[in-house]
Amino acid sequence: MDNIRPSDIDDKRLRFDSFDGHSDEIFKKKQRLPAMGWNSWNAFGSGNNEELTRAMIDKIKELELDKLGYRYIVLDDGCYKPERVNGRLQPDDVKFPSGFKAMADYVHSNDLKFGMYNDIGTKLCSGAEVGIFGYEKVDCEDYIRWDIDFIKVDNCYYMWDNATFADPSNAKYSYAPNIKSILAEGKILSAVKDAKITGSRAEIRGDYVSFIGTFDGTAPDHTPVGSRSSEVIFELESDTDKETDIIVNYATGEEEGVGQWLQVAVGNEIFFDDMLPATASAETFTDSDPIRILLKAGRNLIRIMNHRRQENTLHSYAEIKNELINAGGDKDIIFSICEWGKTQPQDWGHKVGDSWRILNDITFQVGADGEHGTAAWESDYTTSITSQYNKCVIMDEFASPLRGWNDPDMLVIGMDGINETMNKSHMAMWCMMNSPLMLGMDLRRVKRGDPIYRLISDEDLIGLDQDALGVQAKRIFTTYRCDAPDKEYIRDNKRIDVLAKPLSDGSVALGFFNLDTSDRNDNVSISVDVIYSALGHKMIAPERFKNASSYKITDLITKEENTVTGKTFRIDSIRGCDCKVIKITPVV
Amino acid sequence: MTNREFITELCRVTGEETEDIFIRGRRAGWLEAEDELDPELDIARKQQARILHMYLLKEKKIPDLKDISKAYELKDLFDCRVCANHVAQVYCRGIMDAKNLMKNGRFLWFDLEGIDDDHAIRTHLSRLEDFLS
């Protein structure tokens with residue numbers, strides 16, 4: 001693996017500047033609703049095997065969960081031999097003695113869909129040295145041979161990123177060097193005094209700019225909304241179209257915030273995209289060789305940047321998608337990006353995937369055969385229901401049937417550590433947020449009619465998740481003091497949130513969620529006008545909703561129904577961790 | 001100490017038969033294929049944690065601790081997602097400990113990839129033995 005480097009990127013559709021657009025998609029994507037099924041990880045961790053998977057399939061059929069939409073059976077990490085055999089992936093011979101094709105056949109014979117797992121790095125997260133890096137073609141051929149319908153692709157041991165589960169010195173690829181100045185047209189322009197710094201990632205340190213790159217979004221510390229990357233931009237006037245050279249004064253490093261890879265663009269034309277020679281330290285500045293650029297007559301924006309953190313990751317995922325298409329033609333395979341929000345996949349995931357994880361795992365206390373595993377309502381890190389919710393709830397504008405779905409990780413219903421009320425709110429949150437609904441428990445503990453069964457089979461809640469309109473709920477109100485409830489990243493759980501979600505029949509689902517573990521007596525009242533104002537442009541018949549003389553109210557959890565003539569919907573109190581979800585249907 | 005030597009030593013302190021231990025351990029779910037594949041590699045701390053935890057869970061049927069909040073003080077706990085629970089279970093039970101990297105303060109580091117000397121490994125096994133007794 002020595003002397004390898006990130007691939008050249010010739011396709012502009014993989015570039016940062018193309019992330020916003022839809023007209024330049026790389027692959028023909030199928031519009032779809034969030035995937036539903038069962039994934040082995042939370043239930044059994046690395047201990048999943050053929051016998052357990054078959055038991056889960058049998059249980060899904062017995063409980064008829066497939067008829068409700070739970071159709072994808074996904075084998076997560078821990079199913080492969082820890083090394084390749086003649087360059088190919090092989091099943092762990094103790095866990096899956098019959099092989100993956102036999103497993104797929106059993107899944108398909110039950111009219112279910114089969115999913116598998118890999119990783120864009122050199123190893124899987126378990127440490128097994130069978131990551132797909134360098135083996136994209138042969139692995140995708142094998143996945144097609146094994147007849148997969150779904151692939152989850154992780155991000156451990158990735159070659160070109162420094163953060164979380166990767167070599168910290170890879171920062172040389174994911175950040176630009178520290179930049180002091182450029183020499184252009186005979187003038188020295190200071191990065192601190194003469195340039196504009198975009199985004200909030202970069203930092204001024206004395207007479208230079210550092211942290212020119214993209215936020216690591218794996219941990220819950222940073223908002224996903226707004227510009228997550230920074231550039232240093234110099235403005236330069238030119239009388240004519242002409243070629244000229246610039247020289248960049250820089251210092252390199254291999255640590256968070258300072259790297260070695262530089263991109264230089266004028267407007268959206270990239271003129272340099274490569275490593276610079278290393279300097280003695282991150283504060284020992286030197287001049288680059290001349291970099292030839294093309295100026296146009298008039299005002300030019302010279303962009304000093306490094307978007308490779310996002311572009312490399314997208315490139316790696318796209319390579320897998322491409323090889324799946326090469327091997328499988330138009331076989332319908334759901335592509336689940338699992339890079340944990342590290343490189344802000346809400347910006348680019350739509351180009352490749354059907355969903356993208358938004359954070360690190362919802363729990364690390366996974367189960368085993370005979371052990372349920374443990375989850376939590378709240379935590380300081382990503383390992384709780386509310387940690388995932390708090391980020392996902394402000395990401396609604398990134399999701400749609402065409403783009404794909406924010407993925408706040410698998411359901412933890414059925415694990416220890418969370419009670420029935422928390423389970424209920426968890427399910428309702430995920431359904432309101434159009435999250436993939438992947439069960440993550442040992443289904444053998446579920447019996448038809450028991451509380452867990454009633455919750456995971458609640459057709460009204462599932463109906464929200466799978467509603468054909470495909471609009472992720474928007475937070476339209478919170479009792480936390482803030483100016484923009486739909487945009488502000490709030491991690492203090494002592495609050496009630498109100499989410500609204502337009503539905504395909506012209507109605508609106510309204511969810512009141514108490515994030516607090518204590519009961520609250522807040523009087524929270526939401527008017528039709530507030531809903532209309534926030535979501536009218538996404539509703540099927542907004543004027544009909546706004547002007548209705550009365551509304552049919554269906555409590556989607558208690559199933560109670562009534563009709564009201566008022567224009568407000570309210571709660572006066574709500575138990576700790578509880579929720580109330582109603583469907584508001586206008587009656588003309 | 002190599003993977004093989006560690007597993008042999010674990011068997012000695014717990015009274016397990018060593019014959020066919022790799023295949024029996026894998027079937028029981030407390031050993032992984034990688035343990036059998038690389039038996040002569042020095043055992044890393046994260047592997048010790050995995051084997052010790054999974055031995056307690058699968059062979060001794062001792063349920064996991066639900067509250068692992070004490071392990072959150074380990075700065076590298078979440079550096080390996082599949083290791084986190086193994087590390088937390090043996091750390092919270094006092095079977096394996098962490099290093100404090102600060103002279104005047106507290107910066108606890110489990111050192112997932114670290115290789116312990118034989119004395120340290122025997123201490124872990126001895127603590128496991130005490131825990132089981």
# chains A, B, ... in the order shown; residues from 1 in each chain; ligands from 1

$ closest_atom_pairs --of "chain A" --to "chain B" --cutoff "10 Å" --atoms "only C-alpha atoms" --output "CSV"
residue,atom,partner,partner_atom,distance
A:Trp41,CA,B:Val82,CA,9.9
A:Gly45,CA,B:Val82,CA,7.8
A:Ser46,CA,B:Val82,CA,7.9
A:Gly47,CA,B:Gly29,CA,6.3
A:Asn48,CA,B:Gly29,CA,9.2
A:Asn49,CA,B:Gly29,CA,9.8
A:Asp77,CA,B:Val82,CA,9.1
A:Gly78,CA,B:Glu32,CA,8.9
A:Tyr80,CA,B:Ala33,CA,9.0
A:Lys81,CA,B:Ala33,CA,6.6
A:Pro82,CA,B:Glu34,CA,5.6
A:Glu83,CA,B:Glu34,CA,8.2
A:Asp92,CA,B:Ala33,CA,7.2
A:Asp93,CA,B:Ala33,CA,8.6
A:Val94,CA,B:Arg27,CA,6.6
A:Lys95,CA,B:Arg27,CA,7.8
A:Leu124,CA,B:Val82,CA,9.9
A:Cys125,CA,B:Val82,CA,6.6
A:Ser126,CA,B:Val82,CA,5.7
A:Gly127,CA,B:Val82,CA,8.7
A:Ala128,CA,B:Glu34,CA,7.6
A:Glu129,CA,B:Glu34,CA,9.7
A:Cys156,CA,B:Cys80,CA,8.8
A:Ala163,CA,B:Asp79,CA,9.4
A:Thr164,CA,B:Asp79,CA,6.0
A:Phe165,CA,B:Asp79,CA,5.7
A:Ala166,CA,B:Asp79,CA,8.8
A:Asn360,CA,B:Arg81,CA,8.7
A:Asp361,CA,B:Arg81,CA,7.8
A:Thr363,CA,B:Arg81,CA,9.2
A:Phe364,CA,B:Asn85,CA,5.9
A:Gln365,CA,B:Asn85,CA,5.2
A:Val366,CA,B:Asn85,CA,7.4
A:Gly367,CA,B:Asp64,CA,9.0
A:Ala368,CA,B:Lys58,CA,8.5
A:Asp369,CA,B:Lys58,CA,8.4
A:Gly370,CA,B:Lys58,CA,8.6
A:Glu371,CA,B:Pro63,CA,6.7
A:His372,CA,B:Asp64,CA,9.2
A:Gly373,CA,B:Asp64,CA,7.8
A:Thr374,CA,B:Lys66,CA,6.3
A:Ala375,CA,B:Lys66,CA,8.8
A:Ala376,CA,B:Lys66,CA,10.0
A:Ser379,CA,B:Ser69,CA,9.7
A:Asp380,CA,B:Tyr72,CA,9.7
A:Tyr381,CA,B:Phe78,CA,9.4
A:Asp416,CA,B:Lys66,CA,7.7
A:Gly417,CA,B:Lys66,CA,7.2

$ residues_around --residues "range 110-124 of chain B" --least-positions-apart "6" --cutoff "6 Å" --atoms "only C-alpha atoms" --output "NGL selection string"
:B and (1 or 44-46 or 95-96 or 98)

$ select_by_dssp --residues "range 8-124 of chain B" --states "helix (DSSP H, G or I)" --output "number ranges by chain"
B: 8-14, 21-28, 33-37, 45-59, 69-73, 77-79, 84-92, 118-124

$ closest_residue --among "A:Tyr532, A:Phe215, A:Trp146, A:Trp356" --to "Lys567 in chain A" --atoms "only C-alpha atoms"
A:Tyr532

$ residues_around --residues "range 533-542 of chain A" --least-positions-apart "6" --cutoff "10 Å" --atoms "only C-alpha atoms" --output "list in words"
Leu469, Val471, Ala473, Lys474, Arg475, Ile476, Asp486, Ala500, Lys501, Pro502, Leu503, Ser504, Asp505, Gly506, Ser507, Val508, Ser527 and Pro586 of chain A

$ write_last_selection --atoms "all heavy atoms" --output "short mmCIF file (atom, residue, chain, number, x, y, z; two decimals), in the first residue's frame"
data_model
loop_
_atom_site.label_atom_id
_atom_site.label_comp_id
_atom_site.auth_asym_id
_atom_site.auth_seq_id
_atom_site.Cartn_x
_atom_site.Cartn_y
_atom_site.Cartn_z
N LEU A 469 -45.65 10.92 -0.23
CA LEU A 469 -45.18 12.29 -0.49
C LEU A 469 -43.69 12.42 -0.16
O LEU A 469 -42.97 13.20 -0.78
CB LEU A 469 -46.01 13.29 0.34
CG LEU A 469 -45.84 14.77 0.01
CD1 LEU A 469 -46.17 15.06 -1.46
CD2 LEU A 469 -46.72 15.63 0.92
N VAL A 471 -41.89 13.54 2.58
CA VAL A 471 -41.36 14.78 3.16
C VAL A 471 -40.98 14.52 4.62
O VAL A 471 -41.83 14.15 5.43
CB VAL A 471 -42.41 15.92 3.10
CG1 VAL A 471 -41.86 17.17 3.81
CG2 VAL A 471 -42.76 16.24 1.66
N ALA A 473 -40.35 15.34 8.33
CA ALA A 473 -40.98 16.34 9.19
C ALA A 473 -40.02 17.49 9.47
O ALA A 473 -38.81 17.31 9.55
CB ALA A 473 -41.41 15.69 10.50
N LYS A 474 -40.61 18.67 9.63
CA LYS A 474 -39.83 19.86 9.99
C LYS A 474 -40.17 20.25 11.42
O LYS A 474 -41.33 20.19 11.83
CB LYS A 474 -40.19 21.00 9.04
CG LYS A 474 -39.37 22.27 9.24
CD LYS A 474 -39.76 23.36 8.25
CE LYS A 474 -39.24 23.13 6.86
NZ LYS A 474 -37.77 23.10 6.73
N ARG A 475 -39.12 20.62 12.18
CA ARG A 475 -39.41 21.13 13.52
C ARG A 475 -39.91 22.56 13.37
O ARG A 475 -39.17 23.45 12.95
CB ARG A 475 -38.16 21.09 14.39
CG ARG A 475 -38.45 21.58 15.82
CD ARG A 475 -37.33 21.22 16.78
NE ARG A 475 -36.08 21.87 16.42
CZ ARG A 475 -34.89 21.53 16.92
NH1 ARG A 475 -34.79 20.55 17.80
NH2 ARG A 475 -33.79 22.16 16.56
N ILE A 476 -41.17 22.79 13.75
CA ILE A 476 -41.75 24.12 13.56
C ILE A 476 -41.83 24.90 14.87
O ILE A 476 -42.12 26.09 14.85
CB ILE A 476 -43.14 24.04 12.90
CG1 ILE A 476 -44.11 23.20 13.75
CG2 ILE A 476 -43.04 23.47 11.49
CD1 ILE A 476 -45.54 23.27 13.26
N ASP A 486 -36.23 25.24 12.98
CA ASP A 486 -35.96 24.25 11.93
C ASP A 486 -34.49 24.18 11.56
O ASP A 486 -34.07 23.28 10.85
CB ASP A 486 -36.78 24.57 10.68
CG ASP A 486 -36.44 25.94 10.10
OD1 ASP A 486 -36.08 26.84 10.87
OD2 ASP A 486 -36.52 26.10 8.86
N ALA A 500 -43.84 18.89 12.24
CA ALA A 500 -44.98 18.79 11.32
C ALA A 500 -44.53 18.12 10.03
O ALA A 500 -43.43 18.39 9.54
CB ALA A 500 -45.56 20.17 11.04
N LYS A 501 -45.41 17.28 9.51
CA LYS A 501 -45.05 16.49 8.33
C LYS A 501 -46.24 16.42 7.37
O LYS A 501 -47.26 15.79 7.69
CB LYS A 501 -44.66 15.08 8.78
CG LYS A 501 -44.35 14.09 7.68
CD LYS A 501 -43.90 12.76 8.32
CE LYS A 501 -43.82 11.64 7.31
NZ LYS A 501 -42.96 11.92 6.17
N PRO A 502 -46.15 17.06 6.22
CA PRO A 502 -47.24 16.96 5.23
C PRO A 502 -47.35 15.54 4.69
O PRO A 502 -46.32 14.88 4.47
CB PRO A 502 -46.80 17.91 4.12
CG PRO A 502 -45.68 18.71 4.66
CD PRO A 502 -45.04 17.88 5.72
N LEU A 503 -48.59 15.11 4.46
CA LEU A 503 -48.82 13.75 3.97
C LEU A 503 -49.51 13.78 2.60
O LEU A 503 -50.08 14.79 2.20
CB LEU A 503 -49.66 12.96 4.98
CG LEU A 503 -49.02 12.82 6.37
CD1 LEU A 503 -50.01 12.21 7.37
CD2 LEU A 503 -47.74 11.98 6.31
N SER A 504 -49.45 12.63 1.94
CA SER A 504 -49.90 12.58 0.54
C SER A 504 -51.41 12.73 0.38
O SER A 504 -51.88 12.97 -0.72
CB SER A 504 -49.43 11.27 -0.09
OG SER A 504 -49.87 10.18 0.67
N ASP A 505 -52.16 12.55 1.46
CA ASP A 505 -53.62 12.70 1.33
C ASP A 505 -54.09 14.11 1.68
O ASP A 505 -55.28 14.35 1.86
CB ASP A 505 -54.34 11.66 2.20
CG ASP A 505 -54.06 11.84 3.69
OD1 ASP A 505 -53.27 12.74 4.04
OD2 ASP A 505 -54.62 11.08 4.50
N GLY A 506 -53.16 15.03 1.81
CA GLY A 506 -53.52 16.42 2.11
C GLY A 506 -53.56 16.73 3.59
O GLY A 506 -53.77 17.87 3.98
N SER A 507 -53.38 15.72 4.41
CA SER A 507 -53.37 15.93 5.86
C SER A 507 -51.96 16.27 6.32
O SER A 507 -51.00 16.26 5.53
CB SER A 507 -53.89 14.68 6.58
OG SER A 507 -53.01 13.61 6.34
N VAL A 508 -51.83 16.56 7.61
CA VAL A 508 -50.53 16.86 8.21
C VAL A 508 -50.40 16.08 9.51
O VAL A 508 -51.35 16.04 10.31
CB VAL A 508 -50.40 18.38 8.50
CG1 VAL A 508 -49.16 18.68 9.34
CG2 VAL A 508 -50.36 19.17 7.21
N SER A 527 -50.77 26.61 15.74
CA SER A 527 -51.91 27.01 14.91
C SER A 527 -51.77 26.47 13.48
O SER A 527 -50.67 26.15 13.03
CB SER A 527 -52.01 28.53 14.87
OG SER A 527 -50.91 29.05 14.13
N PRO A 586 -58.06 18.02 7.03
CA PRO A 586 -59.06 19.08 6.86
C PRO A 586 -60.41 18.53 6.40
O PRO A 586 -60.46 17.62 5.57
CB PRO A 586 -58.44 19.97 5.78
CG PRO A 586 -57.49 19.09 5.05
CD PRO A 586 -56.99 18.08 6.03
#

$ select_by_dssp --residues "range 314-489 of chain A" --states "strand (DSSP E)" --output "MDAnalysis selection string"
chainID A and resid 334:337 355:357 405:407 437:439 474:478

$ write_last_selection --atoms "C-alpha atoms" --output "PDB file, in the first residue's frame"
ATOM      1  CA  ILE A 334     -30.221  -0.172  -2.149  1.00  0.00           C
ATOM      2  CA  PHE A 335     -26.983   1.650  -1.352  1.00  0.00           C
ATOM      3  CA  SER A 336     -26.674   2.589   2.316  1.00  0.00           C
ATOM      4  CA  ILE A 337     -23.812   5.000   3.012  1.00  0.00           C
ATOM      5  CA  SER A 355     -29.441   7.011   2.638  1.00  0.00           C
ATOM      6  CA  TRP A 356     -26.499   8.282   4.643  1.00  0.00           C
ATOM      7  CA  ARG A 357     -25.734   7.839   8.314  1.00  0.00           C
ATOM      8  CA  TRP A 405     -32.681   9.845   3.429  1.00  0.00           C
ATOM      9  CA  ASN A 406     -30.895  10.954   6.552  1.00  0.00           C
ATOM     10  CA  ASP A 407     -30.087   7.839   8.573  1.00  0.00           C
ATOM     11  CA  LEU A 437     -36.477   1.557   9.753  1.00  0.00           C
ATOM     12  CA  MET A 438     -33.978  -1.222  10.396  1.00  0.00           C
ATOM     13  CA  LEU A 439     -34.904  -3.354  13.381  1.00  0.00           C
ATOM     14  CA  LYS A 474     -39.834  19.862   9.987  1.00  0.00           C
ATOM     15  CA  ARG A 475     -39.408  21.132  13.520  1.00  0.00           C
ATOM     16  CA  ILE A 476     -41.745  24.122  13.563  1.00  0.00           C
ATOM     17  CA  PHE A 477     -41.590  24.920  17.258  1.00  0.00           C
ATOM     18  CA  THR A 478     -39.529  24.181  20.348  1.00  0.00           C
TER      19      THR A 478
END

$ decode --residues "range 480-501 of chain A" --atoms "N, CA, C and O atoms" --output "tab-separated table (two decimals), in the first residue's frame"
chain	number	residue	atom	x	y	z
A	480	TYR	N	-37.43	25.38	23.69
A	480	TYR	CA	-36.08	25.94	23.89
A	480	TYR	C	-36.03	27.29	23.20
A	480	TYR	O	-36.52	27.44	22.07
A	481	ARG	N	-35.44	28.27	23.86
A	481	ARG	CA	-35.42	29.61	23.28
A	481	ARG	C	-34.47	29.64	22.07
A	481	ARG	O	-33.27	29.46	22.21
A	482	CYS	N	-35.03	29.85	20.89
A	482	CYS	CA	-34.20	29.96	19.69
A	482	CYS	C	-34.96	30.70	18.60
A	482	CYS	O	-36.18	30.80	18.65
A	483	ASP	N	-34.23	31.19	17.62
A	483	ASP	CA	-34.85	31.98	16.55
A	483	ASP	C	-35.35	31.11	15.40
A	483	ASP	O	-36.30	31.47	14.73
A	484	ALA	N	-34.66	30.03	15.14
A	484	ALA	CA	-35.00	29.22	13.96
A	484	ALA	C	-35.09	27.75	14.37
A	484	ALA	O	-34.11	27.01	14.27
A	485	PRO	N	-36.27	27.32	14.83
A	485	PRO	CA	-36.38	25.94	15.31
A	485	PRO	C	-36.07	24.89	14.26
A	485	PRO	O	-35.66	23.78	14.59
A	486	ASP	N	-36.23	25.24	12.98
A	486	ASP	CA	-35.96	24.25	11.93
A	486	ASP	C	-34.49	24.18	11.56
A	486	ASP	O	-34.07	23.28	10.85
A	487	LYS	N	-33.68	25.10	12.07
A	487	LYS	CA	-32.27	25.13	11.68
A	487	LYS	C	-31.31	25.02	12.86
A	487	LYS	O	-30.16	24.60	12.69
A	488	GLU	N	-31.75	25.42	14.03
A	488	GLU	CA	-30.81	25.53	15.14
A	488	GLU	C	-30.51	24.16	15.75
A	488	GLU	O	-31.43	23.38	16.03
A	489	TYR	N	-29.23	23.90	15.96
A	489	TYR	CA	-28.81	22.60	16.52
A	489	TYR	C	-28.89	22.69	18.04
A	489	TYR	O	-28.08	23.37	18.67
A	490	ILE	N	-29.86	22.01	18.63
A	490	ILE	CA	-30.13	22.11	20.06
A	490	ILE	C	-29.81	20.76	20.71
A	490	ILE	O	-30.36	19.73	20.31
A	491	ARG	N	-28.94	20.78	21.72
A	491	ARG	CA	-28.57	19.53	22.39
A	491	ARG	C	-29.03	19.49	23.84
A	491	ARG	O	-28.83	18.48	24.51
A	492	ASP	N	-29.61	20.57	24.31
A	492	ASP	CA	-30.18	20.58	25.65
A	492	ASP	C	-31.56	19.92	25.58
A	492	ASP	O	-32.47	20.43	24.91
A	493	ASN	N	-31.70	18.79	26.24
A	493	ASN	CA	-32.94	18.01	26.10
A	493	ASN	C	-34.07	18.49	27.00
A	493	ASN	O	-35.15	17.89	26.98
A	494	LYS	N	-33.88	19.51	27.74
A	494	LYS	CA	-34.95	19.99	28.61
A	494	LYS	C	-35.91	20.85	27.79
A	494	LYS	O	-35.94	22.08	27.89
A	495	ARG	N	-36.69	20.17	26.97
A	495	ARG	CA	-37.55	20.92	26.05
A	495	ARG	C	-38.59	20.00	25.43
A	495	ARG	O	-38.49	18.76	25.50
A	496	ILE	N	-39.57	20.64	24.80
A	496	ILE	CA	-40.55	19.94	23.97
A	496	ILE	C	-40.38	20.45	22.54
A	496	ILE	O	-40.27	21.66	22.33
A	497	ASP	N	-40.34	19.55	21.59
A	497	ASP	CA	-40.29	19.91	20.17
A	497	ASP	C	-41.63	19.60	19.53
A	497	ASP	O	-42.30	18.62	19.91
A	498	VAL	N	-41.96	20.38	18.51
A	498	VAL	CA	-43.15	20.07	17.70
A	498	VAL	C	-42.70	19.91	16.25
A	498	VAL	O	-42.07	20.83	15.68
A	499	LEU	N	-43.02	18.77	15.68
A	499	LEU	CA	-42.65	18.47	14.30
A	499	LEU	C	-43.92	18.38	13.46
A	499	LEU	O	-44.93	17.82	13.92
A	500	ALA	N	-43.84	18.89	12.24
A	500	ALA	CA	-44.98	18.79	11.32
A	500	ALA	C	-44.53	18.12	10.03
A	500	ALA	O	-43.43	18.39	9.54
A	501	LYS	N	-45.41	17.28	9.51
A	501	LYS	CA	-45.05	16.49	8.33
A	501	LYS	C	-46.24	16.42	7.37
A	501	LYS	O	-47.26	15.79	7.69
